[in-house]
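S.K.: File data.tsv follows (TSV, C-alpha atoms):
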chain	number	residue	atom	x	y	z
A	293	MET	CA	11.42	14.27	-8.85
A	294	LYS	CA	10.62	10.57	-8.88
A	295	ILE	CA	7.75	9.13	-10.92
A	296	ILE	CA	6.98	5.67	-9.55
A	297	SER	CA	4.63	3.59	-11.71
A	298	SER	CA	2.96	0.41	-10.54
A	299	ILE	CA	3.47	-2.48	-12.91
A	300	GLY	CA	0.74	-5.11	-13.20
A	301	PRO	CA	-1.86	-6.55	-15.56
A	302	ASN	CA	-1.43	-3.68	-18.03
A	303	ALA	CA	2.24	-4.57	-18.62
A	304	LYS	CA	1.82	-7.98	-20.24
A	305	GLU	CA	3.91	-7.00	-23.27
A	306	LYS	CA	7.50	-5.76	-23.14
A	307	ASN	CA	6.74	-2.82	-25.44
A	308	PHE	CA	4.31	-1.53	-22.80
A	309	ILE	CA	7.20	-1.35	-20.33
A	310	ASP	CA	9.14	0.60	-22.98
A	311	MET	CA	6.26	3.05	-23.30
A	312	MET	CA	6.10	3.51	-19.50
A	313	VAL	CA	9.80	4.40	-19.35
A	314	LYS	CA	9.63	6.75	-22.35
A	315	SER	CA	6.64	8.50	-20.81
A	316	GLY	CA	8.57	9.38	-17.66
A	317	THR	CA	8.69	6.40	-15.31
A	318	ASP	CA	12.01	6.25	-13.45
A	319	THR	CA	10.97	3.70	-10.81
A	320	PHE	CA	8.76	0.62	-11.19
A	321	ARG	CA	6.65	-0.54	-8.24
A	322	PHE	CA	6.03	-4.27	-7.85
A	323	ASN	CA	3.02	-4.87	-5.59
A	324	LEU	CA	3.98	-7.98	-3.62
A	325	SER	CA	0.50	-8.25	-2.11
A	326	HIS	CA	-0.68	-9.64	-5.44
A	327	GLY	CA	0.76	-10.92	-8.67
A	328	ASN	CA	2.82	-13.78	-10.02
A	329	LEU	CA	6.44	-13.74	-8.85
A	330	ASN	CA	7.60	-15.61	-11.97
A	331	VAL	CA	6.06	-12.93	-14.18
A	332	MET	CA	7.63	-10.22	-12.02
A	333	GLU	CA	11.04	-11.87	-12.36
A	334	GLU	CA	10.74	-11.77	-16.15
A	335	GLN	CA	9.79	-8.09	-16.01
A	336	ILE	CA	12.68	-7.34	-13.64
A	337	ASP	CA	15.15	-9.10	-15.92
A	338	TYR	CA	13.93	-7.13	-18.93
A	339	ILE	CA	14.03	-3.77	-17.12
A	340	LYS	CA	17.49	-4.37	-15.63
A	341	LYS	CA	18.97	-5.29	-19.01
A	342	LYS	CA	17.34	-2.55	-21.08
A	343	TYR	CA	16.95	0.24	-18.49
A	344	PRO	CA	19.69	-0.11	-15.86
A	345	GLN	CA	19.09	3.49	-14.74
A	346	VAL	CA	15.51	2.70	-13.72
A	347	GLU	CA	14.98	1.71	-10.08
A	348	LEU	CA	12.84	-1.20	-8.89
A	349	LEU	CA	10.65	-0.98	-5.78
A	350	GLY	CA	9.22	-3.98	-3.96
A	351	ASP	CA	6.06	-2.96	-2.07
A	352	LEU	CA	5.48	-5.38	0.81
A	353	GLN	CA	1.97	-6.20	2.01
A	354	GLY	CA	2.74	-5.42	5.65
A	355	ASN	CA	0.21	-6.01	8.42
A	356	LYS	CA	-2.76	-5.34	6.19
A	357	ILE	CA	-6.09	-6.93	7.07
A	358	ARG	CA	-7.68	-8.81	4.17
A	359	VAL	CA	-10.71	-10.93	3.52
A	360	ASP	CA	-9.24	-14.42	3.85
A	361	LYS	CA	-8.49	-16.54	0.78
A	362	SER	CA	-10.94	-19.17	2.07
A	363	PHE	CA	-13.89	-16.86	1.34
A	364	ASN	CA	-15.72	-18.38	-1.61
A	365	GLY	CA	-17.00	-16.41	-4.59
A	366	GLU	CA	-18.39	-12.91	-4.29
A	367	LYS	CA	-21.04	-11.41	-2.04
A	368	LYS	CA	-22.96	-8.22	-2.64
A	369	VAL	CA	-24.00	-6.44	0.54
A	370	VAL	CA	-26.45	-3.54	0.83
A	371	PRO	CA	-27.05	-0.87	3.50
A	372	GLY	CA	-28.96	-2.20	6.50
A	373	GLU	CA	-27.83	-5.79	5.98
A	374	LYS	CA	-26.13	-7.64	8.85
A	375	VAL	CA	-22.78	-9.41	8.35
A	376	ARG	CA	-20.54	-11.40	10.69
A	377	PHE	CA	-16.75	-11.04	10.73
A	378	SER	CA	-14.71	-13.99	12.01
A	379	SER	CA	-11.26	-15.55	12.07
A	380	PRO	CA	-10.32	-17.92	9.20
A	381	ALA	CA	-10.28	-20.82	11.69
A	382	TYR	CA	-13.89	-20.18	12.77
A	383	TYR	CA	-15.00	-19.75	9.15
A	384	LYS	CA	-13.44	-23.07	8.19
A	385	ASN	CA	-15.35	-25.01	10.85
A	386	VAL	CA	-18.72	-23.23	10.92
A	387	LYS	CA	-21.46	-24.99	8.96
A	388	ASN	CA	-23.62	-21.97	8.19
A	389	LYS	CA	-21.35	-19.55	6.33
A	390	ASP	CA	-24.16	-17.19	5.33
A	391	ASN	CA	-23.02	-13.60	5.81
A	392	VAL	CA	-19.82	-14.75	7.55
A	393	ILE	CA	-16.68	-12.93	6.35
A	394	PRO	CA	-13.30	-14.32	7.50
A	395	LEU	CA	-10.60	-11.70	8.11
A	396	SER	CA	-6.92	-12.58	7.82
A	397	PHE	CA	-4.11	-10.74	9.65
A	398	LYS	CA	-1.17	-11.46	11.92
A	399	GLY	CA	-2.22	-12.01	15.51
A	400	ASP	CA	-5.27	-13.12	17.46
A	401	PHE	CA	-8.83	-12.22	16.47
A	402	SER	CA	-9.08	-10.34	19.79
A	403	ARG	CA	-7.06	-7.49	18.23
A	404	LEU	CA	-10.36	-6.40	16.65
A	405	TYR	CA	-12.41	-6.25	19.85
A	406	GLY	CA	-11.92	-2.49	20.25
A	407	VAL	CA	-12.89	-1.67	16.65
A	408	ARG	CA	-16.08	0.32	16.07
A	409	GLU	CA	-16.02	0.59	12.27
A	410	ILE	CA	-14.66	-1.57	9.46
A	411	SER	CA	-14.21	-0.34	5.90
A	412	MET	CA	-13.13	-1.77	2.56
A	413	LYS	CA	-12.10	-0.49	-0.85
A	414	ASP	CA	-10.57	2.82	0.30
A	415	GLY	CA	-13.58	3.63	2.47
A	416	THR	CA	-16.25	3.17	-0.22
A	417	MET	CA	-17.67	0.25	1.79
A	418	LYS	CA	-18.39	0.69	5.51
A	419	PHE	CA	-19.64	-1.51	8.34
A	420	GLU	CA	-20.70	-0.32	11.79
A	421	ILE	CA	-19.86	-2.77	14.59
A	422	GLN	CA	-22.94	-3.93	16.53
A	423	GLY	CA	-21.35	-6.32	19.01
A	424	ILE	CA	-19.34	-9.47	19.75
A	425	ASN	CA	-20.96	-12.86	20.37
A	426	LYS	CA	-20.63	-14.53	23.79
A	427	ASN	CA	-17.87	-16.88	22.56
A	428	LYS	CA	-16.00	-13.86	21.15
A	429	GLU	CA	-15.59	-15.61	17.80
A	430	ILE	CA	-17.94	-13.39	15.78
A	431	ILE	CA	-18.15	-9.61	15.39
A	432	THR	CA	-21.56	-8.57	14.09
A	433	ALA	CA	-21.84	-5.45	11.96
A	434	GLU	CA	-24.40	-3.52	9.95
A	435	VAL	CA	-23.64	-2.46	6.38
A	436	ILE	CA	-23.57	1.34	6.08
A	437	LEU	CA	-22.13	1.57	2.56
A	438	GLY	CA	-22.54	-1.53	0.43
A	439	GLY	CA	-20.57	-3.15	-2.37
A	440	ILE	CA	-18.96	-6.42	-3.44
A	441	ILE	CA	-16.97	-8.57	-1.00
A	442	ARG	CA	-14.44	-11.03	-2.40
A	443	ALA	CA	-11.36	-12.90	-1.16
A	444	GLU	CA	-8.20	-10.82	-0.50
A	445	LYS	CA	-10.04	-7.50	-0.53
A	446	GLY	CA	-8.22	-5.01	1.70
A	447	VAL	CA	-9.84	-4.10	5.02
A	448	ASN	CA	-9.38	-1.18	7.42
A	449	ALA	CA	-10.31	-1.39	11.11
A	450	ILE	CA	-10.01	1.85	13.07
A	451	ASN	CA	-8.57	1.34	16.58
A	452	MET	CA	-7.34	-2.16	15.87
A	453	ASP	CA	-4.66	-3.28	18.33
A	454	ARG	CA	-1.42	-3.21	16.27
A	455	GLU	CA	1.02	-3.44	19.16
A	456	GLU	CA	4.06	-5.68	18.49
A	457	GLN	CA	2.67	-7.32	15.36
A	458	GLY	CA	6.09	-7.55	13.72
A	459	LEU	CA	6.85	-8.86	10.24
A	460	THR	CA	4.48	-11.39	8.71
A	461	GLU	CA	5.81	-14.65	7.26
A	462	LYS	CA	4.74	-13.45	3.82
A	463	ASP	CA	6.77	-10.25	4.18
A	464	LYS	CA	9.82	-12.24	5.31
A	465	LYS	CA	9.61	-14.43	2.20
A	466	ASP	CA	9.02	-11.40	-0.03
A	467	ILE	CA	12.00	-9.53	1.45
A	468	ARG	CA	14.22	-12.46	0.59
A	469	TRP	CA	12.75	-12.63	-2.91
A	470	ALA	CA	13.31	-8.88	-3.36
A	471	ILE	CA	16.97	-9.11	-2.34
A	472	MET	CA	17.65	-12.18	-4.48
A	473	ASN	CA	16.17	-10.35	-7.48
A	474	GLY	CA	18.12	-7.13	-6.98
A	475	ILE	CA	15.25	-4.87	-5.97
A	476	ASP	CA	16.61	-1.35	-5.29
A	477	ILE	CA	14.02	-0.20	-2.75
A	478	ILE	CA	12.05	-2.28	-0.25
A	479	ASP	CA	8.92	-0.54	1.01
A	480	LEU	CA	7.37	-1.84	4.22
A	481	SER	CA	3.64	-1.11	4.32
A	482	TYR	CA	1.48	-0.35	7.36
A	483	VAL	CA	4.46	0.51	9.56
A	484	SER	CA	3.19	1.11	13.09
A	485	SER	CA	6.44	1.36	15.07
A	486	VAL	CA	10.19	1.65	14.70
A	487	THR	CA	10.59	-1.93	15.99
A	488	GLU	CA	9.16	-3.21	12.68
A	489	ILE	CA	11.83	-1.22	10.82
A	490	GLU	CA	14.58	-2.58	13.07
A	491	GLU	CA	13.32	-6.14	12.51
A	492	THR	CA	13.27	-5.57	8.75
A	493	LYS	CA	16.79	-4.13	8.68
A	494	LEU	CA	18.12	-7.06	10.70
A	495	LEU	CA	16.47	-9.54	8.34
A	496	ILE	CA	17.94	-7.76	5.30
A	497	ARG	CA	21.37	-7.79	6.93
A	498	ASN	CA	21.15	-11.51	7.70
A	499	ILE	CA	19.99	-12.43	4.19
A	500	ARG	CA	22.79	-10.39	2.60
A	501	LYS	CA	25.35	-12.01	4.88
A	502	LYS	CA	24.11	-15.55	4.29
A	503	GLU	CA	23.92	-15.13	0.51
A	504	CYS	CA	27.13	-13.05	0.27
A	505	ILE	CA	25.27	-10.19	-1.40
A	506	VAL	CA	27.21	-6.92	-1.57
A	507	TYR	CA	24.47	-4.54	-2.67
A	508	LYS	CA	22.19	-3.06	-0.04
A	509	PRO	CA	18.60	-2.09	-0.92
A	510	LYS	CA	17.16	1.14	0.38
A	511	LEU	CA	14.37	0.81	2.93
A	512	TRP	CA	11.28	2.99	2.85
A	513	ALA	CA	8.36	3.01	5.29
A	514	LYS	CA	4.78	3.56	4.19
A	515	ILE	CA	2.82	5.63	6.69
A	516	GLU	CA	-0.87	4.75	6.51
A	517	CYS	CA	-2.10	4.21	10.08
A	518	ARG	CA	-2.41	6.23	13.28
A	519	GLU	CA	0.37	4.34	15.07
A	520	GLY	CA	2.82	5.06	12.24
A	521	ILE	CA	2.05	8.76	12.45
A	522	GLU	CA	2.62	8.77	16.19
A	523	ASP	CA	6.02	7.07	15.85
A	524	LEU	CA	7.07	8.95	12.69
A	525	TYR	CA	10.08	10.67	14.28
A	526	GLU	CA	11.73	7.41	15.34
A	527	ILE	CA	10.73	5.64	12.12
A	528	SER	CA	12.17	8.41	9.94
A	529	LYS	CA	15.59	8.09	11.60
A	530	LYS	CA	15.87	4.44	10.57
A	531	VAL	CA	14.70	4.54	6.93
A	532	ASP	CA	15.82	6.06	3.64
A	533	GLY	CA	12.42	7.48	2.77
A	534	ILE	CA	8.75	7.76	3.66
A	535	ILE	CA	5.71	7.05	1.50
A	536	ILE	CA	2.47	8.78	2.46
A	537	GLY	CA	-0.06	6.02	1.72
A	538	ARG	CA	-3.16	8.16	1.36
A	539	GLY	CA	-5.52	5.38	0.25
A	540	ASP	CA	-5.42	3.55	3.58
A	541	LEU	CA	-4.59	6.63	5.63
A	542	CYS	CA	-7.94	8.24	4.82
A	543	CYS	CA	-9.64	5.09	6.16
A	544	GLU	CA	-7.57	4.90	9.34
A	545	ILE	CA	-8.06	8.54	10.37
A	546	PRO	CA	-10.81	11.05	9.48
A	547	ALA	CA	-10.34	12.14	5.86
A	548	ILE	CA	-10.61	15.78	6.92
A	549	SER	CA	-7.42	15.30	8.99
A	550	VAL	CA	-5.35	13.82	6.14
A	551	PRO	CA	-4.06	17.16	4.69
A	552	ILE	CA	-2.92	18.20	8.18
A	553	ILE	CA	-1.07	14.90	8.66
A	554	GLU	CA	0.43	15.15	5.16
A	555	ASN	CA	1.90	18.56	6.00
A	556	LYS	CA	3.26	17.28	9.30
A	557	ILE	CA	4.98	14.33	7.61
A	558	ILE	CA	6.45	16.54	4.88
A	559	ASP	CA	7.72	19.13	7.37
A	560	ASP	CA	9.31	16.45	9.56
A	561	MET	CA	10.91	14.64	6.60
A	562	LYS	CA	12.26	17.77	4.89
A	563	ARG	CA	14.62	18.21	7.82
A	564	THR	CA	16.08	14.74	7.15
A	565	LYS	CA	16.79	15.32	3.43
A	566	LYS	CA	15.29	11.88	2.72
A	567	ASP	CA	12.73	10.88	0.10
A	568	ILE	CA	9.09	11.88	0.64
A	569	ILE	CA	6.72	10.13	-1.76
A	570	VAL	CA	3.01	10.79	-2.19
A	571	ALA	CA	1.02	7.68	-3.13
A	572	THR	CA	-2.59	6.92	-4.05
A	573	HIS	CA	-5.26	9.35	-5.29
A	574	VAL	CA	-2.62	11.22	-7.29
A	575	LEU	CA	-4.45	11.04	-10.65
A	576	ASP	CA	-7.26	8.71	-9.61
A	577	SER	CA	-9.69	10.10	-12.17
A	578	MET	CA	-7.35	8.98	-14.97
A	579	LYS	CA	-8.13	5.35	-14.28
A	580	TYR	CA	-11.25	6.02	-16.36
A	581	SER	CA	-10.54	9.27	-18.19
A	582	ASP	CA	-7.67	10.73	-20.22
A	583	THR	CA	-8.05	14.09	-18.45
A	584	PRO	CA	-7.33	14.76	-14.75
A	585	TYR	CA	-9.52	16.76	-12.38
A	586	LEU	CA	-8.45	20.31	-11.57
A	587	SER	CA	-8.39	19.33	-7.87
A	588	GLU	CA	-5.77	16.65	-8.65
A	589	ILE	CA	-3.59	19.13	-10.53
A	590	GLU	CA	-3.85	21.61	-7.67
A	591	SER	CA	-2.94	18.87	-5.18
A	592	ILE	CA	0.18	17.94	-7.16
A	593	TYR	CA	1.17	21.61	-7.31
A	594	ARG	CA	0.80	21.90	-3.54
A	595	PHE	CA	2.98	18.84	-2.94
A	596	VAL	CA	5.69	20.04	-5.34
A	597	GLU	CA	5.64	23.43	-3.63
A	598	ARG	CA	5.88	21.74	-0.20
A	599	GLY	CA	9.01	19.85	-1.26
A	600	VAL	CA	8.07	16.20	-1.81
A	601	THR	CA	10.59	14.20	-3.86
A	602	GLY	CA	8.20	12.05	-5.87
A	603	PHE	CA	4.79	10.58	-6.63
A	604	MET	CA	3.59	7.00	-6.90
A	605	LEU	CA	0.94	6.02	-9.43
A	606	CYS	CA	-0.96	2.90	-8.33
A	607	GLY	CA	-4.28	2.00	-9.94
A	608	GLU	CA	-3.66	4.62	-12.64
A	609	THR	CA	-0.95	2.46	-14.27
A	610	ASN	CA	-1.70	-0.94	-12.77
A	611	ILE	CA	-5.30	-1.46	-13.88
A	612	GLY	CA	-6.41	1.91	-15.27
A	613	LYS	CA	-7.61	2.50	-18.82
A	614	TYR	CA	-5.15	5.35	-19.45
A	615	PRO	CA	-1.81	4.28	-17.90
A	616	ILE	CA	0.52	5.93	-20.41
A	617	GLU	CA	-1.51	9.14	-20.43
A	618	SER	CA	-1.37	9.16	-16.62
A	619	ILE	CA	2.43	8.97	-16.60
A	620	LYS	CA	2.79	11.65	-19.28
A	621	THR	CA	0.33	13.92	-17.49
A	622	LEU	CA	2.13	13.57	-14.17
A	623	LYS	CA	5.52	14.25	-15.78
A	624	ASN	CA	4.23	17.32	-17.62
A	625	ILE	CA	2.68	18.73	-14.43
A	626	ILE	CA	5.82	18.07	-12.39
A	627	ASP	CA	8.15	19.52	-15.03
A	628	MET	CA	6.08	22.69	-15.35
A	629	TYR	CA	5.74	23.30	-11.63
A	630	CYS	CA	9.36	22.46	-10.81
A	631	GLU	CA	10.46	25.01	-13.40
A	632	THR	CA	7.95	27.60	-12.15
A	633	LEU	CA	8.83	27.17	-8.49
A	634	ILE	CA	12.63	27.22	-8.85
Mind converting the file's structure to structure tokens?

M.R.:
Amino acid sequence: MKIISSIGPNAKEKNFIDMMVKSGTDTFRFNLSHGNLNVMEEQIDYIKKKYPQVELLGDLQGNKIRVDKSFNGEKKVVPGEKVRFSSPAYYKNVKNKDNVIPLSFKGDFSRLYGVREISMKDGTMKFEIQGINKNKEIITAEVILGGIIRAEKGVNAINMDREEQGLTEKDKKDIRWAIMNGIDIIDLSYVSSVTEIEETKLLIRNIRKKECIVYKPKLWAKIECREGIEDLYEISKKVDGIIIGRGDLCCEIPAISVPIIENKIIDDMKRTKKDIIVATHVLDSMKYSDTPYLSEIESIYRFVERGVTGFMLCGETNIGKYPIESIKTLKNIIDMYCETLI
């Protein structure tokens, strides 16, 4: 049973990496959406030399919508307030930037015209779409659940047009970086169709051929949008494993449907004998407490019983206050339930 721990700001010192491995980590996740590649390369070098048995996973950003980097400072929004979403190009040229939020993603701004709700921060912030201006450059929305907006914050837009988005330029660069640094597993986020997997595999093949690289990284797909669920059968045939990305999934489909979709993915993947990883909201409470909720323990038990092959800790180990305790807790739970269920 894999325990995948995200490595980030908490792992500034090498001895912290040692503690993560001793606590049960057997795979390190490098979040390529954020972070300093030079720092990651130092961490990779250390892990490879000291812990050659530990696998390294490069988590690509994928076609994730984000608040554009051009957005200045922070903005607090409250329920009832009106905001305006735009493309980065419009934001750059408009004089009055009050309540204008530029959204960055691959493709034309028109991909958002069919969206009725936008959310941020795993659904804790929500905006109801009111309309599109006559020039179709601005989408007006009312704040339903407020919070803080800042540059590069992740955004979910239900019913966004994701057809034929393909790999982003950032992902292409990050795939090359991952291969050149000997990453064992490349995880493509926000997979919406098998064509994205085929494009990724071709790029990996071409990079390996050009650089005369013998080793071949495994390719996983993260399922976290409706389109990915619908094309799961074809996607699963082309990858080495599936990650159930519950954080974004619960924003892309009704949260009440997530357990049903989880079971469907697990049932479909068990037939393939490939990896099935559960990510996000595994031990979320342990970002701020040294003790997990009973509901989290019960959820882990259910997943072990259903036959998943691993769990991914994200915020728990990346920015949480109790990263080592989170890893130890997950390992203890897994060990106990694996023994009980065998």

S.K.: Considering only C-alpha atoms, state which residue in the set A:Lys304, A:Arg468, A:Arg442, A:Arg403 is at the smallest distance from A:Gly365.

M.R.: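 Smallest distance to A:Gly365 is found for A:Arg442.
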
S.K.: One decimal, in Å: what's the spacing between atom CA of A:Arg321 and atom CA of A:Lys361?

M.R.: 23.8 Å

S.K.: Which residue is closest to A:Ala433? Choose from A:Lys418, A:Arg538, A:Lys413, A:Arg376 and count all atoms listed in the file.

M.R.: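 Looking at the shortest contact to A:Ala433, the residue is A:Arg376.
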
S.K.: For a quick check of understanding, using all atoms listed in the file, which of A:Asp576, A:Glu420, A:Asn624, A:Lys368 has the smallest distance to A:Asn610?

M.R.: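 Of A:Asp576, A:Glu420, A:Asn624, A:Lys368, the one nearest A:Asn610, counting all atoms listed in the file, is A:Asp576.
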
S.K.: If you count all atoms listed in the file, which residues fall within 10 Å of A:Lys493, apart from same-chain ones fewer than 4 positions away, as a compact mmCIF listing (two decimals) with C-alpha atoms, in the coordinates of the input?

M.R.:
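Everything below was put into result-v2.txt:
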# COMPACT_ATOMS: atom_id res chain seq x y z
CA THR A 487 10.59 -1.93 15.99
CA GLU A 488 9.16 -3.21 12.68
CA ILE A 489 11.83 -1.22 10.82
CA ARG A 497 21.37 -7.79 6.93
CA ASN A 498 21.15 -11.51 7.70
CA ILE A 499 19.99 -12.43 4.19
CA PRO A 509 18.60 -2.09 -0.92
CA LYS A 510 17.16 1.14 0.38
CA LEU A 511 14.37 0.81 2.93
CA LYS A 530 15.87 4.44 10.57
CA VAL A 531 14.70 4.54 6.93

S.K.: Would you list the contacts of A:Ser577 as a list in words, taking every protein, DNA or RNA residue within 9 Å and counting all atoms listed in the file, but skipping same-chain residues closer than 6 positions in sequence?

M.R.: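 The contact residues come out as Thr583, Pro584, Tyr585, Glu588 and Glu608 of chain A.
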
S.K.: Of the residues A:Lys398, A:Lys508, A:Lys341, A:Lys389, which is the one nearest to A:Ile496, using all atoms listed in the file?

M.R.: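 Nearest to A:Ile496: A:Lys508.
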
S.K.: Out of A:Val313, A:Val550, A:Leu404, A:Leu459, which residue has the shortest atom-to-atom distance to A:Thr492 when counting all atoms listed in the file?

M.R.: A:Leu459
